[in-house]
$ cat target-v4.cif   # mmCIF, N, CA and C atoms
data_start
#
loop_
_atom_site.label_atom_id
_atom_site.label_comp_id
_atom_site.auth_asym_id
_atom_site.auth_seq_id
_atom_site.Cartn_x
_atom_site.Cartn_y
_atom_site.Cartn_z
N MET A 1 51.85 111.47 77.35
CA MET A 1 53.22 111.17 76.99
C MET A 1 53.19 110.43 75.65
N ASP A 2 54.06 110.82 74.77
CA ASP A 2 54.08 110.17 73.45
C ASP A 2 54.74 108.80 73.58
N PRO A 3 54.55 107.92 72.60
CA PRO A 3 55.05 106.55 72.69
C PRO A 3 56.57 106.46 72.76
N VAL A 4 57.29 107.36 72.10
CA VAL A 4 58.76 107.30 72.13
C VAL A 4 59.26 107.64 73.53
N THR A 5 58.71 108.69 74.13
CA THR A 5 59.11 109.10 75.47
C THR A 5 58.77 108.00 76.48
N ALA A 6 57.61 107.39 76.32
CA ALA A 6 57.20 106.32 77.22
C ALA A 6 58.16 105.12 77.11
N THR A 7 58.57 104.80 75.91
CA THR A 7 59.50 103.69 75.70
C THR A 7 60.85 103.99 76.32
N LEU A 8 61.36 105.21 76.11
CA LEU A 8 62.64 105.60 76.70
C LEU A 8 62.58 105.62 78.22
N ALA A 9 61.47 106.14 78.77
CA ALA A 9 61.31 106.18 80.22
C ALA A 9 61.27 104.77 80.78
N GLY A 10 60.59 103.86 80.10
CA GLY A 10 60.52 102.47 80.54
C GLY A 10 61.88 101.80 80.52
N ALA A 11 62.64 102.07 79.45
CA ALA A 11 63.98 101.50 79.34
C ALA A 11 64.89 102.04 80.43
N PHE A 12 64.78 103.34 80.71
CA PHE A 12 65.60 103.97 81.75
C PHE A 12 65.27 103.38 83.12
N ILE A 13 63.98 103.29 83.40
CA ILE A 13 63.55 102.75 84.69
C ILE A 13 63.98 101.29 84.83
N GLY A 14 63.95 100.54 83.74
CA GLY A 14 64.39 99.14 83.78
C GLY A 14 65.89 99.02 83.96
N ALA A 15 66.62 100.03 83.51
CA ALA A 15 68.09 99.99 83.61
C ALA A 15 68.60 100.40 84.99
N VAL A 16 67.79 101.11 85.74
CA VAL A 16 68.23 101.60 87.05
C VAL A 16 68.61 100.46 87.99
N PRO A 17 67.81 99.42 88.14
CA PRO A 17 68.23 98.33 89.04
C PRO A 17 69.52 97.64 88.58
N VAL A 18 69.69 97.50 87.28
CA VAL A 18 70.91 96.87 86.75
C VAL A 18 72.11 97.74 87.07
N ALA A 19 71.99 99.06 86.85
CA ALA A 19 73.08 99.99 87.13
C ALA A 19 73.39 100.01 88.63
N ALA A 20 72.34 99.99 89.46
CA ALA A 20 72.54 100.00 90.91
C ALA A 20 73.28 98.75 91.36
N ALA A 21 72.91 97.61 90.80
CA ALA A 21 73.59 96.35 91.15
C ALA A 21 75.05 96.39 90.73
N LEU A 22 75.31 96.95 89.54
CA LEU A 22 76.69 97.06 89.06
C LEU A 22 77.51 97.99 89.94
N ILE A 23 76.95 99.13 90.31
CA ILE A 23 77.66 100.08 91.19
C ILE A 23 77.93 99.45 92.55
N TYR A 24 76.95 98.72 93.09
CA TYR A 24 77.15 98.05 94.37
C TYR A 24 78.29 97.04 94.28
N LYS A 25 78.29 96.22 93.21
CA LYS A 25 79.33 95.21 93.05
C LYS A 25 80.70 95.85 92.91
N LEU A 26 80.81 96.91 92.13
CA LEU A 26 82.10 97.60 91.98
C LEU A 26 82.58 98.17 93.31
N GLY A 27 81.68 98.76 94.06
CA GLY A 27 82.05 99.32 95.37
C GLY A 27 82.48 98.25 96.34
N ARG A 28 81.76 97.14 96.34
CA ARG A 28 82.10 96.03 97.24
C ARG A 28 83.46 95.44 96.87
N ASP A 29 83.71 95.23 95.59
CA ASP A 29 84.99 94.67 95.15
C ASP A 29 86.14 95.63 95.42
N ALA A 30 85.90 96.92 95.27
CA ALA A 30 86.96 97.90 95.50
C ALA A 30 87.34 97.98 96.97
N SER A 31 86.39 97.74 97.87
CA SER A 31 86.70 97.86 99.30
C SER A 31 87.29 96.58 99.87
N THR A 32 87.16 95.45 99.20
CA THR A 32 87.65 94.18 99.72
C THR A 32 89.15 94.20 100.02
N PRO A 33 90.02 94.68 99.10
CA PRO A 33 91.45 94.69 99.44
C PRO A 33 91.76 95.56 100.65
N ILE A 34 91.02 96.64 100.82
CA ILE A 34 91.25 97.51 101.98
C ILE A 34 90.93 96.76 103.26
N ILE A 35 89.84 96.01 103.25
CA ILE A 35 89.47 95.24 104.44
C ILE A 35 90.55 94.20 104.72
N ARG A 36 91.02 93.49 103.68
CA ARG A 36 92.08 92.50 103.88
C ARG A 36 93.36 93.16 104.35
N LYS A 37 93.70 94.30 103.78
CA LYS A 37 94.90 95.01 104.20
C LYS A 37 94.78 95.43 105.66
N GLY A 38 93.56 95.78 106.07
CA GLY A 38 93.36 96.19 107.45
C GLY A 38 93.79 95.10 108.42
N SER A 39 93.44 93.86 108.13
CA SER A 39 93.85 92.78 109.03
C SER A 39 95.36 92.56 108.95
N SER A 40 95.96 92.74 107.77
CA SER A 40 97.42 92.61 107.65
C SER A 40 98.11 93.71 108.44
N ILE A 41 97.56 94.91 108.35
CA ILE A 41 98.18 96.05 109.01
C ILE A 41 98.14 95.86 110.52
N LYS A 42 97.02 95.36 111.04
CA LYS A 42 96.91 95.13 112.47
C LYS A 42 97.93 94.10 112.93
N ASN A 43 98.28 93.18 112.05
CA ASN A 43 99.19 92.10 112.40
C ASN A 43 100.64 92.39 112.04
N LEU A 44 100.95 93.59 111.62
CA LEU A 44 102.31 93.91 111.17
C LEU A 44 103.34 93.59 112.25
N HIS A 45 103.13 94.05 113.46
CA HIS A 45 104.10 93.80 114.53
C HIS A 45 104.18 92.31 114.84
N HIS A 46 103.05 91.64 114.86
CA HIS A 46 103.03 90.19 115.09
C HIS A 46 103.79 89.47 113.98
N ASN A 47 103.55 89.86 112.73
CA ASN A 47 104.26 89.25 111.60
C ASN A 47 105.76 89.46 111.73
N TYR A 48 106.15 90.64 112.18
CA TYR A 48 107.57 90.95 112.40
C TYR A 48 108.16 89.99 113.43
N GLU A 49 107.47 89.81 114.55
CA GLU A 49 107.97 88.95 115.63
C GLU A 49 108.07 87.48 115.18
N VAL A 50 107.04 86.99 114.49
CA VAL A 50 107.04 85.60 114.03
C VAL A 50 108.13 85.40 112.98
N LEU A 51 108.29 86.36 112.08
CA LEU A 51 109.33 86.27 111.06
C LEU A 51 110.70 86.17 111.70
N ASP A 52 110.97 86.99 112.69
CA ASP A 52 112.25 86.95 113.38
C ASP A 52 112.47 85.61 114.08
N ARG A 53 111.44 85.11 114.74
CA ARG A 53 111.54 83.84 115.46
C ARG A 53 111.81 82.68 114.49
N GLU A 54 111.10 82.66 113.36
CA GLU A 54 111.31 81.58 112.39
C GLU A 54 112.68 81.69 111.72
N LEU A 55 113.16 82.91 111.49
CA LEU A 55 114.51 83.07 110.94
C LEU A 55 115.53 82.50 111.91
N GLN A 56 115.35 82.73 113.20
CA GLN A 56 116.28 82.20 114.19
C GLN A 56 116.29 80.67 114.17
N LYS A 57 115.12 80.06 113.97
CA LYS A 57 115.06 78.59 113.86
C LYS A 57 115.84 78.11 112.64
N LEU A 58 115.66 78.81 111.52
CA LEU A 58 116.36 78.43 110.29
C LEU A 58 117.87 78.57 110.47
N LEU A 59 118.30 79.67 111.07
CA LEU A 59 119.73 79.88 111.28
C LEU A 59 120.30 78.86 112.27
N ALA A 60 119.52 78.48 113.27
CA ALA A 60 119.98 77.47 114.23
C ALA A 60 120.15 76.12 113.53
N LEU A 61 119.21 75.77 112.66
CA LEU A 61 119.32 74.52 111.91
C LEU A 61 120.56 74.54 111.01
N ALA A 62 120.77 75.66 110.34
CA ALA A 62 121.94 75.79 109.46
C ALA A 62 123.23 75.69 110.27
N THR A 63 123.26 76.31 111.44
CA THR A 63 124.45 76.26 112.30
C THR A 63 124.70 74.84 112.79
N ASP A 64 123.64 74.15 113.17
CA ASP A 64 123.79 72.76 113.63
C ASP A 64 124.38 71.88 112.54
N ILE A 65 123.90 72.04 111.33
CA ILE A 65 124.44 71.24 110.22
C ILE A 65 125.89 71.66 109.95
N ASP A 66 126.11 72.97 109.92
CA ASP A 66 127.43 73.50 109.58
C ASP A 66 128.50 73.10 110.59
N HIS A 67 128.14 73.06 111.85
CA HIS A 67 129.11 72.71 112.89
C HIS A 67 129.15 71.21 113.18
N GLY A 68 128.49 70.43 112.35
CA GLY A 68 128.57 68.98 112.49
C GLY A 68 127.79 68.41 113.65
N ARG A 69 126.75 69.09 114.07
CA ARG A 69 125.98 68.59 115.21
C ARG A 69 124.95 67.55 114.80
N VAL A 70 124.86 67.30 113.50
CA VAL A 70 123.99 66.22 113.05
C VAL A 70 124.87 65.00 112.80
N ASN A 71 124.27 63.84 112.79
CA ASN A 71 125.04 62.60 112.71
C ASN A 71 125.82 62.44 111.42
N ASN A 72 125.27 62.88 110.32
CA ASN A 72 125.90 62.62 109.02
C ASN A 72 126.76 63.81 108.60
N GLN A 73 128.06 63.67 108.74
CA GLN A 73 129.01 64.73 108.38
C GLN A 73 129.08 64.97 106.88
N GLU A 74 128.70 63.97 106.09
CA GLU A 74 128.82 64.08 104.65
C GLU A 74 127.77 64.98 104.02
N ILE A 75 126.80 65.42 104.78
CA ILE A 75 125.77 66.33 104.26
C ILE A 75 126.43 67.58 103.70
N LYS A 76 127.41 68.10 104.40
CA LYS A 76 128.04 69.36 104.00
C LYS A 76 128.77 69.26 102.67
N ASN A 77 129.09 68.07 102.23
CA ASN A 77 129.81 67.90 100.98
C ASN A 77 128.90 67.74 99.76
N THR A 78 127.60 67.74 99.98
CA THR A 78 126.68 67.56 98.85
C THR A 78 126.33 68.90 98.22
N SER A 79 126.06 68.86 96.93
CA SER A 79 125.66 70.10 96.24
C SER A 79 124.27 70.55 96.70
N THR A 80 123.44 69.60 97.12
CA THR A 80 122.12 69.94 97.64
C THR A 80 122.27 70.80 98.89
N TYR A 81 123.15 70.39 99.80
CA TYR A 81 123.39 71.18 101.00
C TYR A 81 123.95 72.55 100.65
N LYS A 82 124.87 72.60 99.72
CA LYS A 82 125.47 73.88 99.36
C LYS A 82 124.43 74.85 98.80
N LEU A 83 123.51 74.34 97.98
CA LEU A 83 122.42 75.18 97.48
C LEU A 83 121.52 75.62 98.63
N TRP A 84 121.22 74.68 99.53
CA TRP A 84 120.34 74.98 100.65
C TRP A 84 120.96 76.05 101.55
N ILE A 85 122.23 75.91 101.91
CA ILE A 85 122.87 76.86 102.82
C ILE A 85 123.03 78.22 102.16
N THR A 86 123.27 78.23 100.85
CA THR A 86 123.34 79.51 100.12
C THR A 86 122.01 80.23 100.20
N ARG A 87 120.93 79.48 100.05
CA ARG A 87 119.60 80.09 100.14
C ARG A 87 119.32 80.57 101.56
N VAL A 88 119.84 79.89 102.57
CA VAL A 88 119.68 80.34 103.96
C VAL A 88 120.25 81.74 104.11
N TRP A 89 121.46 81.95 103.60
CA TRP A 89 122.10 83.27 103.75
C TRP A 89 121.34 84.33 102.94
N GLU A 90 120.80 83.94 101.78
CA GLU A 90 120.00 84.88 100.99
C GLU A 90 118.73 85.26 101.73
N ILE A 91 118.08 84.26 102.33
CA ILE A 91 116.86 84.53 103.10
C ILE A 91 117.18 85.45 104.27
N GLN A 92 118.30 85.20 104.93
CA GLN A 92 118.68 86.04 106.06
C GLN A 92 118.84 87.50 105.60
N ALA A 93 119.48 87.72 104.46
CA ALA A 93 119.65 89.09 103.95
C ALA A 93 118.30 89.71 103.58
N GLU A 94 117.40 88.91 103.00
CA GLU A 94 116.08 89.42 102.64
C GLU A 94 115.27 89.79 103.88
N VAL A 95 115.37 88.98 104.92
CA VAL A 95 114.66 89.28 106.17
C VAL A 95 115.25 90.55 106.80
N GLU A 96 116.56 90.68 106.78
CA GLU A 96 117.17 91.90 107.32
C GLU A 96 116.67 93.13 106.58
N ALA A 97 116.49 93.03 105.27
CA ALA A 97 115.95 94.15 104.49
C ALA A 97 114.51 94.45 104.93
N LEU A 98 113.72 93.41 105.17
CA LEU A 98 112.35 93.62 105.65
C LEU A 98 112.33 94.25 107.04
N VAL A 99 113.25 93.81 107.90
CA VAL A 99 113.33 94.38 109.25
C VAL A 99 113.71 95.86 109.17
N ASN A 100 114.64 96.18 108.29
CA ASN A 100 115.02 97.59 108.11
C ASN A 100 113.84 98.41 107.62
N GLU A 101 113.07 97.85 106.69
CA GLU A 101 111.89 98.54 106.18
C GLU A 101 110.85 98.70 107.30
N TYR A 102 110.71 97.66 108.13
CA TYR A 102 109.78 97.72 109.26
C TYR A 102 110.19 98.84 110.22
N GLU A 103 111.45 98.90 110.55
CA GLU A 103 111.93 99.95 111.46
C GLU A 103 111.71 101.34 110.87
N ARG A 104 111.96 101.49 109.58
CA ARG A 104 111.78 102.78 108.91
C ARG A 104 110.30 103.17 108.92
N ILE A 105 109.44 102.22 108.58
CA ILE A 105 108.01 102.50 108.54
C ILE A 105 107.48 102.76 109.93
N LYS A 106 107.95 101.98 110.91
CA LYS A 106 107.49 102.17 112.29
C LYS A 106 107.81 103.59 112.76
N GLU A 107 109.01 104.06 112.46
CA GLU A 107 109.40 105.42 112.84
C GLU A 107 108.58 106.45 112.07
N LYS A 108 108.36 106.19 110.80
CA LYS A 108 107.60 107.12 109.96
C LYS A 108 106.17 107.23 110.43
N PHE A 109 105.59 106.13 110.92
CA PHE A 109 104.20 106.13 111.33
C PHE A 109 103.97 106.92 112.60
N ARG A 110 105.02 107.23 113.30
CA ARG A 110 104.83 108.11 114.45
C ARG A 110 104.47 109.51 113.97
N ARG A 111 104.88 109.83 112.73
CA ARG A 111 104.62 111.14 112.17
C ARG A 111 103.42 111.15 111.23
N GLU A 112 103.23 110.10 110.47
CA GLU A 112 102.13 110.05 109.52
C GLU A 112 101.69 108.61 109.32
N ILE A 113 100.50 108.45 108.80
CA ILE A 113 99.97 107.11 108.59
C ILE A 113 99.97 106.81 107.10
N ASN A 114 100.56 105.67 106.73
CA ASN A 114 100.58 105.23 105.36
C ASN A 114 100.13 103.78 105.33
N VAL A 115 98.84 103.59 105.17
CA VAL A 115 98.22 102.27 105.25
C VAL A 115 98.75 101.35 104.17
N ILE A 116 98.94 101.86 102.98
CA ILE A 116 99.38 101.02 101.87
C ILE A 116 100.77 100.44 102.14
N ALA A 117 101.69 101.28 102.63
CA ALA A 117 103.05 100.80 102.91
C ALA A 117 103.03 99.72 103.99
N LYS A 118 102.25 99.92 105.04
CA LYS A 118 102.17 98.91 106.10
C LYS A 118 101.58 97.61 105.58
N GLY A 119 100.55 97.72 104.75
CA GLY A 119 99.91 96.53 104.19
C GLY A 119 100.85 95.74 103.31
N LYS A 120 101.59 96.45 102.45
CA LYS A 120 102.54 95.78 101.56
C LYS A 120 103.65 95.10 102.36
N LEU A 121 104.17 95.78 103.37
CA LEU A 121 105.24 95.21 104.18
C LEU A 121 104.74 93.98 104.92
N SER A 122 103.56 94.07 105.48
CA SER A 122 103.01 92.93 106.21
C SER A 122 102.85 91.73 105.29
N LYS A 123 102.39 91.96 104.07
CA LYS A 123 102.23 90.87 103.11
C LYS A 123 103.59 90.28 102.74
N LYS A 124 104.61 91.13 102.55
CA LYS A 124 105.96 90.63 102.26
C LYS A 124 106.46 89.75 103.40
N MET A 125 106.18 90.17 104.64
CA MET A 125 106.62 89.40 105.81
C MET A 125 105.95 88.03 105.84
N VAL A 126 104.67 88.00 105.57
CA VAL A 126 103.93 86.73 105.57
C VAL A 126 104.48 85.80 104.48
N ASN A 127 104.74 86.35 103.31
CA ASN A 127 105.30 85.53 102.22
C ASN A 127 106.68 85.00 102.59
N LYS A 128 107.52 85.84 103.19
CA LYS A 128 108.87 85.42 103.58
C LYS A 128 108.78 84.38 104.69
N LEU A 129 107.83 84.54 105.60
CA LEU A 129 107.63 83.57 106.67
C LEU A 129 107.31 82.20 106.10
N GLN A 130 106.46 82.15 105.09
CA GLN A 130 106.13 80.87 104.46
C GLN A 130 107.37 80.27 103.79
N GLU A 131 108.17 81.11 103.18
CA GLU A 131 109.40 80.63 102.54
C GLU A 131 110.37 80.07 103.57
N ILE A 132 110.49 80.74 104.70
CA ILE A 132 111.39 80.27 105.77
C ILE A 132 110.92 78.93 106.29
N ARG A 133 109.63 78.81 106.55
CA ARG A 133 109.10 77.54 107.07
C ARG A 133 109.35 76.40 106.08
N GLN A 134 109.18 76.67 104.80
CA GLN A 134 109.44 75.65 103.79
C GLN A 134 110.92 75.29 103.77
N HIS A 135 111.78 76.28 103.93
CA HIS A 135 113.22 76.02 103.91
C HIS A 135 113.66 75.22 105.14
N ILE A 136 113.03 75.48 106.28
CA ILE A 136 113.31 74.68 107.48
C ILE A 136 112.96 73.22 107.21
N GLU A 137 111.81 72.99 106.60
CA GLU A 137 111.40 71.61 106.29
C GLU A 137 112.38 70.96 105.32
N GLU A 138 112.85 71.72 104.35
CA GLU A 138 113.85 71.18 103.42
C GLU A 138 115.14 70.81 104.16
N GLY A 139 115.54 71.63 105.12
CA GLY A 139 116.73 71.33 105.92
C GLY A 139 116.55 70.06 106.74
N LYS A 140 115.38 69.91 107.33
CA LYS A 140 115.10 68.68 108.09
C LYS A 140 115.12 67.46 107.17
N PHE A 141 114.60 67.65 105.96
CA PHE A 141 114.61 66.56 104.97
C PHE A 141 116.05 66.18 104.63
N LEU A 142 116.92 67.19 104.46
CA LEU A 142 118.33 66.92 104.18
C LEU A 142 118.94 66.07 105.28
N ILE A 143 118.69 66.45 106.51
CA ILE A 143 119.26 65.73 107.65
C ILE A 143 118.75 64.28 107.67
N ALA A 144 117.47 64.12 107.42
CA ALA A 144 116.87 62.79 107.51
C ALA A 144 117.26 61.87 106.36
N ASN A 145 117.55 62.45 105.19
CA ASN A 145 117.70 61.61 104.00
C ASN A 145 119.09 61.61 103.38
N LEU A 146 120.02 62.39 103.88
CA LEU A 146 121.36 62.35 103.31
C LEU A 146 122.33 61.70 104.26
#
$ encode --input "target-v4.cif" --output "structure tokens"
Amino acid sequence: MDPVTATLAGAFIGAVPVAAALIYKLGRDASTPIIRKGSSIKNLHHNYEVLDRELQKLLALATDIDHGRVNNQEIKNTSTYKLWITRVWEIQAEVEALVNEYERIKEKFRREINVIAKGKLSKKMVNKLQEIRQHIEEGKFLIANL
């Protein structure tokens, strides 16, 4: 073998482990979101149930404040309360949109499987659930401090 061919062969052989490591890393990184989505997809129905339950808690808190069941009647006259209650109704509408999407996807999945749609919906539900829980805490803070 001539020296040029030997040098090229050596460089190629030296590059193979680097290329293999790069391909492995790319494959591993590409599959990670699918694995995470898999756990979200399995929890879609659970996320739906928890989201509905937490929305009911938020609406109950809003109703209690609105109907004067808390000690401080002046809460309803504050701009903070008005912003908070407006956001409650917006959250309720957003959750209803997610529930409608859930029902549509649930029906569609009887005919075909769309993993991406289920994963995205499940993630939206989890995000909305966190927002609802934060809003409940803000409502409790209003009651305690106004």
$ atom_distance --input "target-v4.cif" --atom1 "CA of Gly119 (chain A)" --atom2 "CA of Glu103 (chain A)"
14.5 Å
$ residues_around --input "target-v4.cif" --residues "Leu44 (chain A)" --least-positions-apart "5" --cutoff "8 Å" --atoms "only C-alpha atoms" --output "JSON, numbers by chain"
{"A": [118, 119, 121, 122]}
$ closest_atom_pairs --input "target-v4.cif" --of "region 69-105 of chain A" --to "region 124-136 of chain A" --cutoff "10 Å" --atoms "only C-alpha atoms" --output "CSV"
residue,atom,partner,partner_atom,distance
A:Trp84,CA,A:His135,CA,7.9
A:Ile85,CA,A:His135,CA,9.7
A:Arg87,CA,A:His135,CA,8.5
A:Val88,CA,A:His135,CA,7.8
A:Ile91,CA,A:Ile132,CA,7.4
A:Gln92,CA,A:Ile132,CA,9.3
A:Glu94,CA,A:Lys128,CA,8.3
A:Val95,CA,A:Lys128,CA,7.4
A:Leu98,CA,A:Met125,CA,7.1
A:Val99,CA,A:Met125,CA,9.0
A:Tyr102,CA,A:Met125,CA,9.5
$ atom_distance --input "target-v4.cif" --atom1 "CA of Trp89 (chain A)" --atom2 "atom C of Lys76 (chain A)"
15.6 Å
$ atom_distance --input "target-v4.cif" --atom1 "CA of Leu83 (chain A)" --atom2 "atom C of Lys57 (chain A)"
16.8 Å
$ select_by_dssp --input "target-v4.cif" --residues "region 41-105 of chain A" --states "alpha helix (DSSP H)" --output "number ranges by chain"
A: 41-42, 44-66, 79-105
$ closest_residue --input "target-v4.cif" --among "A:His67, A:Asn114, A:Leu58, A:Lys120" --to "Glu90 (chain A)" --atoms "only C-alpha atoms"
A:Leu58
$ axis_aligned_box --input "target-v4.cif" --around "region 92-96 of chain A" --padding-each-side "5 Å" --output "AutoDock Vina command-line options"
--center_x 117.2 --center_y 89.2 --center_z 105.0 --size_x 15.0 --size_y 17.9 --size_z 14.7
